[in-house]
>>> print(open('target.cif').read())   # mmCIF, N, CA and C atoms and all ligand atoms
data_model
#
loop_
_atom_site.group_PDB
_atom_site.id
_atom_site.type_symbol
_atom_site.label_atom_id
_atom_site.label_comp_id
_atom_site.auth_asym_id
_atom_site.auth_seq_id
_atom_site.Cartn_x
_atom_site.Cartn_y
_atom_site.Cartn_z
ATOM 1 N N MET N 1262 -134.369 146.282 17.220
ATOM 2 C CA MET N 1262 -135.085 145.011 17.137
ATOM 3 C C MET N 1262 -134.110 143.851 17.330
ATOM 4 N N GLU N 1263 -134.549 142.864 18.047
ATOM 5 C CA GLU N 1263 -133.748 141.668 18.293
ATOM 6 C C GLU N 1263 -133.949 140.665 17.146
ATOM 7 N N ILE N 1264 -132.933 139.853 16.901
ATOM 8 C CA ILE N 1264 -133.035 138.800 15.878
ATOM 9 C C ILE N 1264 -134.181 137.839 16.220
ATOM 10 N N LYS N 1265 -134.374 137.615 17.512
ATOM 11 C CA LYS N 1265 -135.446 136.714 17.972
ATOM 12 C C LYS N 1265 -136.815 137.195 17.484
ATOM 13 N N GLU N 1266 -137.020 138.505 17.491
ATOM 14 C CA GLU N 1266 -138.291 139.070 17.025
ATOM 15 C C GLU N 1266 -138.492 138.755 15.534
ATOM 16 N N LEU N 1267 -137.411 138.870 14.762
ATOM 17 C CA LEU N 1267 -137.465 138.538 13.334
ATOM 18 C C LEU N 1267 -137.760 137.047 13.150
ATOM 19 N N GLN N 1268 -137.089 136.217 13.956
ATOM 20 C CA GLN N 1268 -137.313 134.765 13.859
ATOM 21 C C GLN N 1268 -138.765 134.405 14.189
ATOM 22 N N ASN N 1269 -139.316 135.033 15.209
ATOM 23 C CA ASN N 1269 -140.711 134.765 15.577
ATOM 24 C C ASN N 1269 -141.662 135.222 14.478
ATOM 25 N N PHE N 1270 -141.373 136.388 13.895
ATOM 26 C CA PHE N 1270 -142.204 136.898 12.797
ATOM 27 C C PHE N 1270 -142.132 135.936 11.605
ATOM 28 N N ALA N 1271 -140.906 135.483 11.293
ATOM 29 C CA ALA N 1271 -140.718 134.556 10.164
ATOM 30 C C ALA N 1271 -141.459 133.248 10.404
ATOM 31 N N LYS N 1272 -141.419 132.767 11.640
ATOM 32 C CA LYS N 1272 -142.119 131.521 11.989
ATOM 33 C C LYS N 1272 -143.624 131.681 11.776
ATOM 34 N N GLU N 1273 -144.168 132.808 12.250
ATOM 35 C CA GLU N 1273 -145.608 133.072 12.073
ATOM 36 C C GLU N 1273 -145.965 133.166 10.588
ATOM 37 N N GLU N 1274 -145.151 133.884 9.823
ATOM 38 C CA GLU N 1274 -145.404 134.031 8.386
ATOM 39 C C GLU N 1274 -145.315 132.686 7.675
ATOM 40 N N ASN N 1275 -144.340 131.879 8.077
ATOM 41 C CA ASN N 1275 -144.163 130.554 7.494
ATOM 42 C C ASN N 1275 -145.396 129.686 7.765
ATOM 43 N N GLU N 1276 -145.855 129.686 8.996
ATOM 44 C CA GLU N 1276 -147.032 128.882 9.370
ATOM 45 C C GLU N 1276 -148.290 129.396 8.664
ATOM 46 N N ARG N 1277 -148.421 130.735 8.587
ATOM 47 C CA ARG N 1277 -149.579 131.328 7.910
ATOM 48 C C ARG N 1277 -149.572 130.952 6.420
ATOM 49 N N GLY N 1278 -148.388 131.056 5.814
ATOM 50 C CA GLY N 1278 -148.254 130.733 4.388
ATOM 51 C C GLY N 1278 -148.539 129.274 4.109
ATOM 52 N N ARG N 1279 -148.032 128.406 4.993
ATOM 53 C CA ARG N 1279 -148.234 126.958 4.816
ATOM 54 C C ARG N 1279 -149.712 126.587 4.930
ATOM 55 N N SER N 1280 -150.405 127.183 5.899
ATOM 56 C CA SER N 1280 -151.819 126.823 6.082
ATOM 57 C C SER N 1280 -152.685 127.405 4.962
ATOM 58 N N LYS N 1281 -152.263 128.540 4.430
ATOM 59 C CA LYS N 1281 -153.031 129.189 3.350
ATOM 60 C C LYS N 1281 -152.871 128.428 2.036
ATOM 61 N N THR N 1282 -151.644 128.029 1.713
ATOM 62 C CA THR N 1282 -151.386 127.382 0.419
ATOM 63 C C THR N 1282 -151.524 125.860 0.485
ATOM 64 N N LYS N 1283 -151.529 125.317 1.692
ATOM 65 C CA LYS N 1283 -151.641 123.873 1.906
ATOM 66 C C LYS N 1283 -150.597 123.084 1.100
ATOM 67 N N THR N 1284 -149.396 123.591 1.083
ATOM 68 C CA THR N 1284 -148.308 122.910 0.379
ATOM 69 C C THR N 1284 -147.574 121.966 1.328
ATOM 70 N N SER N 1285 -146.871 121.014 0.728
ATOM 71 C CA SER N 1285 -146.051 120.108 1.527
ATOM 72 C C SER N 1285 -144.838 120.890 2.041
ATOM 73 N N GLU N 1286 -144.119 120.314 2.986
ATOM 74 C CA GLU N 1286 -142.925 120.964 3.517
ATOM 75 C C GLU N 1286 -141.905 121.193 2.399
ATOM 76 N N LYS N 1287 -141.738 120.165 1.557
ATOM 77 C CA LYS N 1287 -140.777 120.265 0.447
ATOM 78 C C LYS N 1287 -141.173 121.386 -0.516
ATOM 79 N N GLU N 1288 -142.446 121.437 -0.884
ATOM 80 C CA GLU N 1288 -142.924 122.490 -1.796
ATOM 81 C C GLU N 1288 -142.752 123.867 -1.172
ATOM 82 N N SER N 1289 -143.024 123.953 0.108
ATOM 83 C CA SER N 1289 -142.903 125.226 0.813
ATOM 84 C C SER N 1289 -141.455 125.724 0.807
ATOM 85 N N ILE N 1290 -140.516 124.816 1.061
ATOM 86 C CA ILE N 1290 -139.100 125.205 1.062
ATOM 87 C C ILE N 1290 -138.670 125.624 -0.340
ATOM 88 N N LEU N 1291 -139.088 124.834 -1.331
ATOM 89 C CA LEU N 1291 -138.704 125.161 -2.716
ATOM 90 C C LEU N 1291 -139.292 126.505 -3.160
ATOM 91 N N THR N 1292 -140.558 126.739 -2.867
ATOM 92 C CA THR N 1292 -141.170 128.010 -3.293
ATOM 93 C C THR N 1292 -140.576 129.197 -2.531
ATOM 94 N N THR N 1293 -140.215 128.987 -1.279
ATOM 95 C CA THR N 1293 -139.589 130.072 -0.505
ATOM 96 C C THR N 1293 -138.214 130.395 -1.080
ATOM 97 N N ALA N 1294 -137.469 129.366 -1.477
ATOM 98 C CA ALA N 1294 -136.144 129.595 -2.086
ATOM 99 C C ALA N 1294 -136.290 130.373 -3.395
ATOM 100 N N ILE N 1295 -137.311 130.027 -4.172
ATOM 101 C CA ILE N 1295 -137.551 130.752 -5.436
ATOM 102 C C ILE N 1295 -137.976 132.194 -5.139
ATOM 103 N N LYS N 1296 -138.828 132.356 -4.138
ATOM 104 C CA LYS N 1296 -139.284 133.696 -3.739
ATOM 105 C C LYS N 1296 -138.100 134.564 -3.301
ATOM 106 N N LEU N 1297 -137.133 133.952 -2.629
ATOM 107 C CA LEU N 1297 -135.943 134.695 -2.195
ATOM 108 C C LEU N 1297 -135.195 135.247 -3.415
ATOM 109 N N GLY N 1298 -135.071 134.420 -4.451
ATOM 110 C CA GLY N 1298 -134.438 134.882 -5.695
ATOM 111 C C GLY N 1298 -135.201 136.045 -6.308
ATOM 112 N N GLU N 1299 -136.531 135.956 -6.268
ATOM 113 C CA GLU N 1299 -137.376 137.032 -6.801
ATOM 114 C C GLU N 1299 -137.127 138.335 -6.038
ATOM 115 N N GLU N 1300 -137.052 138.237 -4.718
ATOM 116 C CA GLU N 1300 -136.844 139.439 -3.899
ATOM 117 C C GLU N 1300 -135.453 140.048 -4.140
ATOM 118 N N VAL N 1301 -134.449 139.199 -4.303
ATOM 119 C CA VAL N 1301 -133.104 139.704 -4.624
ATOM 120 C C VAL N 1301 -133.152 140.447 -5.966
ATOM 121 N N GLY N 1302 -133.910 139.893 -6.909
ATOM 122 C CA GLY N 1302 -134.073 140.553 -8.211
ATOM 123 C C GLY N 1302 -134.714 141.930 -8.066
ATOM 124 N N GLU N 1303 -135.661 142.055 -7.144
ATOM 125 C CA GLU N 1303 -136.316 143.348 -6.923
ATOM 126 C C GLU N 1303 -135.344 144.369 -6.337
ATOM 127 N N VAL N 1304 -134.428 143.911 -5.477
ATOM 128 C CA VAL N 1304 -133.383 144.817 -4.960
ATOM 129 C C VAL N 1304 -132.511 145.271 -6.132
ATOM 130 N N SER N 1305 -132.118 144.322 -6.985
ATOM 131 C CA SER N 1305 -131.282 144.650 -8.150
ATOM 132 C C SER N 1305 -131.974 145.675 -9.039
ATOM 133 N N GLU N 1306 -133.265 145.492 -9.237
ATOM 134 C CA GLU N 1306 -134.034 146.425 -10.064
ATOM 135 C C GLU N 1306 -133.981 147.843 -9.485
ATOM 136 N N GLU N 1307 -134.121 147.945 -8.163
ATOM 137 C CA GLU N 1307 -134.070 149.266 -7.523
ATOM 138 C C GLU N 1307 -132.681 149.899 -7.654
ATOM 139 N N VAL N 1308 -131.635 149.063 -7.570
ATOM 140 C CA VAL N 1308 -130.267 149.584 -7.734
ATOM 141 C C VAL N 1308 -130.087 150.104 -9.172
ATOM 142 N N LEU N 1309 -130.619 149.355 -10.135
ATOM 143 C CA LEU N 1309 -130.539 149.819 -11.535
ATOM 144 C C LEU N 1309 -131.257 151.150 -11.712
ATOM 145 N N LYS N 1310 -132.421 151.292 -11.068
ATOM 146 C CA LYS N 1310 -133.160 152.569 -11.138
ATOM 147 C C LYS N 1310 -132.334 153.692 -10.522
ATOM 148 N N HIS N 1311 -131.695 153.380 -9.389
ATOM 149 C CA HIS N 1311 -130.905 154.385 -8.684
ATOM 150 C C HIS N 1311 -129.812 154.969 -9.589
ATOM 151 N N PHE N 1312 -129.182 154.093 -10.399
ATOM 152 C CA PHE N 1312 -128.108 154.556 -11.285
ATOM 153 C C PHE N 1312 -128.598 154.844 -12.704
ATOM 154 N N ASN N 1313 -129.931 154.892 -12.828
ATOM 155 C CA ASN N 1313 -130.558 155.264 -14.095
ATOM 156 C C ASN N 1313 -130.246 154.282 -15.236
ATOM 157 N N TYR N 1314 -130.171 153.004 -14.916
ATOM 158 C CA TYR N 1314 -129.941 151.979 -15.936
ATOM 159 C C TYR N 1314 -131.224 151.278 -16.381
ATOM 160 N N GLN N 1315 -132.351 151.628 -15.770
ATOM 161 C CA GLN N 1315 -133.615 151.041 -16.193
ATOM 162 C C GLN N 1315 -134.184 151.881 -17.334
ATOM 163 N N VAL N 1316 -134.570 151.223 -18.409
ATOM 164 C CA VAL N 1316 -135.055 151.951 -19.585
ATOM 165 C C VAL N 1316 -136.470 152.491 -19.351
ATOM 166 N N LYS N 1317 -137.371 151.641 -18.854
ATOM 167 C CA LYS N 1317 -138.774 152.062 -18.717
ATOM 168 C C LYS N 1317 -139.038 152.812 -17.405
ATOM 169 N N ASP N 1318 -138.940 152.080 -16.293
ATOM 170 C CA ASP N 1318 -139.281 152.675 -14.998
ATOM 171 C C ASP N 1318 -138.027 153.224 -14.323
ATOM 172 N N LYS N 1319 -137.942 154.523 -14.237
ATOM 173 C CA LYS N 1319 -136.753 155.157 -13.653
ATOM 174 C C LYS N 1319 -137.049 155.828 -12.321
ATOM 175 N N SER N 1320 -138.205 155.502 -11.757
ATOM 176 C CA SER N 1320 -138.646 156.220 -10.560
ATOM 177 C C SER N 1320 -138.017 155.643 -9.291
ATOM 178 N N PHE N 1321 -136.762 155.961 -9.060
ATOM 179 C CA PHE N 1321 -136.083 155.466 -7.859
ATOM 180 C C PHE N 1321 -136.559 156.207 -6.627
ATOM 181 N N GLU N 1322 -136.893 155.425 -5.585
ATOM 182 C CA GLU N 1322 -137.231 156.005 -4.285
ATOM 183 C C GLU N 1322 -136.530 155.193 -3.214
ATOM 184 N N LYS N 1323 -135.875 155.903 -2.309
ATOM 185 C CA LYS N 1323 -135.104 155.230 -1.256
ATOM 186 C C LYS N 1323 -135.975 154.281 -0.430
ATOM 187 N N ASN N 1324 -137.238 154.680 -0.199
ATOM 188 C CA ASN N 1324 -138.163 153.811 0.547
ATOM 189 C C ASN N 1324 -138.329 152.466 -0.126
ATOM 190 N N GLU N 1325 -138.449 152.476 -1.445
ATOM 191 C CA GLU N 1325 -138.682 151.228 -2.184
ATOM 192 C C GLU N 1325 -137.529 150.260 -2.015
ATOM 193 N N ILE N 1326 -136.295 150.747 -2.161
ATOM 194 C CA ILE N 1326 -135.153 149.834 -2.028
ATOM 195 C C ILE N 1326 -135.036 149.334 -0.578
ATOM 196 N N SER N 1327 -135.381 150.164 0.374
ATOM 197 C CA SER N 1327 -135.313 149.702 1.772
ATOM 198 C C SER N 1327 -136.355 148.609 2.024
ATOM 199 N N TYR N 1328 -137.531 148.740 1.402
ATOM 200 C CA TYR N 1328 -138.562 147.697 1.558
ATOM 201 C C TYR N 1328 -138.129 146.401 0.874
ATOM 202 N N GLU N 1329 -137.474 146.539 -0.285
ATOM 203 C CA GLU N 1329 -137.045 145.334 -1.007
ATOM 204 C C GLU N 1329 -135.930 144.611 -0.245
ATOM 205 N N ILE N 1330 -135.025 145.378 0.364
ATOM 206 C CA ILE N 1330 -133.977 144.759 1.191
ATOM 207 C C ILE N 1330 -134.629 144.066 2.392
ATOM 208 N N ALA N 1331 -135.642 144.695 2.960
ATOM 209 C CA ALA N 1331 -136.369 144.075 4.085
ATOM 210 C C ALA N 1331 -137.042 142.781 3.629
ATOM 211 N N ASP N 1332 -137.611 142.787 2.417
ATOM 212 C CA ASP N 1332 -138.233 141.564 1.875
ATOM 213 C C ASP N 1332 -137.221 140.427 1.798
ATOM 214 N N VAL N 1333 -135.999 140.744 1.339
ATOM 215 C CA VAL N 1333 -134.946 139.720 1.230
ATOM 216 C C VAL N 1333 -134.667 139.117 2.613
ATOM 217 N N ILE N 1334 -134.538 139.988 3.611
ATOM 218 C CA ILE N 1334 -134.232 139.517 4.971
ATOM 219 C C ILE N 1334 -135.381 138.677 5.529
ATOM 220 N N ILE N 1335 -136.607 139.138 5.299
ATOM 221 C CA ILE N 1335 -137.780 138.410 5.811
ATOM 222 C C ILE N 1335 -137.915 137.043 5.130
ATOM 223 N N VAL N 1336 -137.800 137.017 3.801
ATOM 224 C CA VAL N 1336 -137.953 135.732 3.094
ATOM 225 C C VAL N 1336 -136.798 134.786 3.440
ATOM 226 N N ALA N 1337 -135.586 135.316 3.585
ATOM 227 C CA ALA N 1337 -134.455 134.478 4.010
ATOM 228 C C ALA N 1337 -134.710 133.926 5.415
ATOM 229 N N SER N 1338 -135.329 134.719 6.259
ATOM 230 C CA SER N 1338 -135.648 134.270 7.622
ATOM 231 C C SER N 1338 -136.706 133.174 7.603
ATOM 232 N N ILE N 1339 -137.671 133.317 6.698
ATOM 233 C CA ILE N 1339 -138.709 132.284 6.551
ATOM 234 C C ILE N 1339 -138.069 130.982 6.049
ATOM 235 N N LEU N 1340 -137.158 131.106 5.104
ATOM 236 C CA LEU N 1340 -136.457 129.919 4.590
ATOM 237 C C LEU N 1340 -135.654 129.248 5.712
ATOM 238 N N ALA N 1341 -134.978 130.067 6.513
ATOM 239 C CA ALA N 1341 -134.216 129.525 7.647
ATOM 240 C C ALA N 1341 -135.145 128.782 8.603
ATOM 241 N N ASP N 1342 -136.310 129.372 8.875
ATOM 242 C CA ASP N 1342 -137.284 128.721 9.766
ATOM 243 C C ASP N 1342 -137.736 127.387 9.176
ATOM 244 N N SER N 1343 -138.004 127.383 7.871
ATOM 245 C CA SER N 1343 -138.450 126.149 7.188
ATOM 246 C C SER N 1343 -137.420 125.034 7.312
ATOM 247 N N LEU N 1344 -136.149 125.426 7.332
ATOM 248 C CA LEU N 1344 -135.070 124.444 7.377
ATOM 249 C C LEU N 1344 -134.587 124.174 8.808
ATOM 250 N N GLY N 1345 -135.278 124.761 9.785
ATOM 251 C CA GLY N 1345 -134.927 124.540 11.192
ATOM 252 C C GLY N 1345 -133.611 125.180 11.592
ATOM 253 N N ILE N 1346 -133.264 126.255 10.893
ATOM 254 C CA ILE N 1346 -132.000 126.945 11.178
ATOM 255 C C ILE N 1346 -132.230 128.043 12.212
ATOM 256 N N ASP N 1347 -131.370 128.088 13.228
ATOM 257 C CA ASP N 1347 -131.404 129.167 14.209
ATOM 258 C C ASP N 1347 -130.626 130.339 13.606
ATOM 259 N N LEU N 1348 -131.387 131.313 13.122
ATOM 260 C CA LEU N 1348 -130.801 132.437 12.394
ATOM 261 C C LEU N 1348 -129.805 133.227 13.242
ATOM 262 N N GLU N 1349 -130.122 133.419 14.498
ATOM 263 C CA GLU N 1349 -129.227 134.179 15.377
ATOM 264 C C GLU N 1349 -127.871 133.469 15.498
ATOM 265 N N GLU N 1350 -127.921 132.151 15.694
ATOM 266 C CA GLU N 1350 -126.687 131.378 15.813
ATOM 267 C C GLU N 1350 -125.895 131.394 14.500
ATOM 268 N N SER N 1351 -126.594 131.204 13.382
ATOM 269 C CA SER N 1351 -125.887 131.168 12.096
ATOM 270 C C SER N 1351 -125.284 132.537 11.760
ATOM 271 N N LEU N 1352 -125.975 133.611 12.115
ATOM 272 C CA LEU N 1352 -125.423 134.957 11.889
ATOM 273 C C LEU N 1352 -124.185 135.190 12.744
ATOM 274 N N LYS N 1353 -124.264 134.789 14.011
ATOM 275 C CA LYS N 1353 -123.115 134.945 14.916
ATOM 276 C C LYS N 1353 -121.899 134.201 14.375
ATOM 277 N N GLU N 1354 -122.116 132.928 13.991
ATOM 278 C CA GLU N 1354 -121.013 132.097 13.497
ATOM 279 C C GLU N 1354 -120.420 132.668 12.209
ATOM 280 N N LYS N 1355 -121.301 133.104 11.297
ATOM 281 C CA LYS N 1355 -120.819 133.626 10.012
ATOM 282 C C LYS N 1355 -120.074 134.948 10.191
ATOM 283 N N MET N 1356 -120.593 135.821 11.053
ATOM 284 C CA MET N 1356 -119.922 137.098 11.307
ATOM 285 C C MET N 1356 -118.554 136.869 11.933
ATOM 286 N N LYS N 1357 -118.473 135.868 12.816
ATOM 287 C CA LYS N 1357 -117.194 135.525 13.438
ATOM 288 C C LYS N 1357 -116.207 135.059 12.364
ATOM 289 N N LYS N 1358 -116.678 134.194 11.446
ATOM 290 C CA LYS N 1358 -115.815 133.697 10.370
ATOM 291 C C LYS N 1358 -115.324 134.828 9.472
ATOM 292 N N ILE N 1359 -116.213 135.768 9.175
ATOM 293 C CA ILE N 1359 -115.837 136.902 8.320
ATOM 294 C C ILE N 1359 -114.775 137.752 9.024
ATOM 295 N N LYS N 1360 -114.984 138.028 10.311
ATOM 296 C CA LYS N 1360 -114.018 138.821 11.074
ATOM 297 C C LYS N 1360 -112.649 138.147 11.109
ATOM 298 N N GLU N 1361 -112.668 136.819 11.274
ATOM 299 C CA GLU N 1361 -111.425 136.056 11.359
ATOM 300 C C GLU N 1361 -110.591 136.153 10.061
ATOM 301 N N ARG N 1362 -111.270 136.314 8.938
ATOM 302 C CA ARG N 1362 -110.581 136.455 7.653
ATOM 303 C C ARG N 1362 -109.606 137.630 7.662
ATOM 304 N N TYR N 1363 -110.015 138.691 8.377
ATOM 305 C CA TYR N 1363 -109.204 139.918 8.365
ATOM 306 C C TYR N 1363 -108.196 139.976 9.514
ATOM 307 N N GLU N 1364 -108.268 138.995 10.390
ATOM 308 C CA GLU N 1364 -107.350 138.970 11.532
ATOM 309 C C GLU N 1364 -106.090 138.143 11.232
ATOM 310 N N LYS N 1365 -106.105 137.461 10.087
ATOM 311 C CA LYS N 1365 -104.954 136.606 9.739
ATOM 312 C C LYS N 1365 -103.864 137.400 9.077
HETATM 313 MG MG MG N 1401 -140.421 142.704 -2.792
#
>>> encode(input="target.cif", output="structure tokens", more="lines below")
Ligand SMILES: [Mg+2]
Amino acid sequence: MEIKELQNFAKEENERGRSKTKTSEKESILTTAIKLGEEVGEVSEEVLKHFNYQVKDKSFEKNEISYEIADVIIVASILADSLGIDLEESLKEKMKKIKERYEK
């Protein structure tokens, strides 16, 4: 899958969400940022299950953690779309910066 496909999906989801909730641009960005935190928490929960650190629900399934990681990527992409960020460009630039750290 190309990053462009993810960006287009995020744009559609962002527009669908905005028209459904009828929120302002500011509210939409704020709620998406909060939602991103929620999704990261769900990944953390699955990792805790994987290492058997959850007291109540210990039912770890690899599918679940993969879906939660996908949720993080999708919601982050929606946030990027809301802020007018070209995700492909920002990923390229950031990956280049990370690589450069190890070349020094
Ligand atoms: Mg989730």
>>> resolve_selection(input="target.cif", expression="the PyMOL selection byres (((chain N and resi 1277-1279 and name CA) around 12) and not hetatm and name CA)", output="list in words")
Phe1270, Ala1271, Lys1272, Glu1273, Glu1274, Asn1275, Glu1276, Ser1280, Lys1281, Thr1282, Lys1283, Thr1284, Ser1285, Glu1286, Lys1287, Glu1288, Ser1289, Ile1290, Thr1292, Thr1293, Val1336, Ile1339, Leu1340 and Ser1343 of chain N
>>> resolve_selection(input="target.cif", expression="the PyMOL selection byres (((chain N and resi 1321) around 8) and not hetatm)", output="list in words")
Glu1307, Val1308, Leu1309, Lys1310, His1311, Phe1312, Asn1313, Asp1318, Lys1319, Ser1320, Glu1322, Lys1323, Asn1324, Glu1325 and Ile1326 of chain N
>>> residues_around(input="target.cif", residues="Glu1300 of chain N", least_positions_apart="6", cutoff="6.5 Å", atoms="only N, CA and C atoms", output="VMD selection string")
chain N and resid 1329 1332 to 1333
>>> closest_residue(input="target.cif", among="N:Leu1348, N:Ala1294, N:Val1304, N:Ala1341", to="ligand MG 1401 (chain N)", atoms="all atoms listed in the file")
N:Val1304
>>> atom_distance(input="target.cif", atom1="atom CA of Lys1355 of chain N", atom2="atom N of Tyr1328 of chain N")
24.1 Å
>>> atom_distance(input="target.cif", atom1="atom CA of Tyr1363 of chain N", atom2="atom CA of Ile1334 of chain N")
25.3 Å
>>> atom_distance(input="target.cif", atom1="atom N of Gln1268 of chain N", atom2="atom C of Ser1338 of chain N")
7.1 Å
>>> closest_residue(input="target.cif", among="N:Ile1346, N:Val1301, N:Met1262, N:Ile1295", to="ligand MG 1401 (chain N)", atoms="only N, CA and C atoms and all ligand atoms")
N:Val1301
>>> select_by_dssp(input="target.cif", residues="chain N", states="helix (DSSP H, G or I)", output="ChimeraX atom specification")
/N:1264-1282,1286-1311,1323-1343,1348-1364
>>> closest_residue(input="target.cif", among="N:Met1356, N:Leu1267, N:Ile1330, N:Leu1291", to="ligand MG 1401 (chain N)", atoms="only C-alpha atoms and all ligand atoms")
N:Ile1330
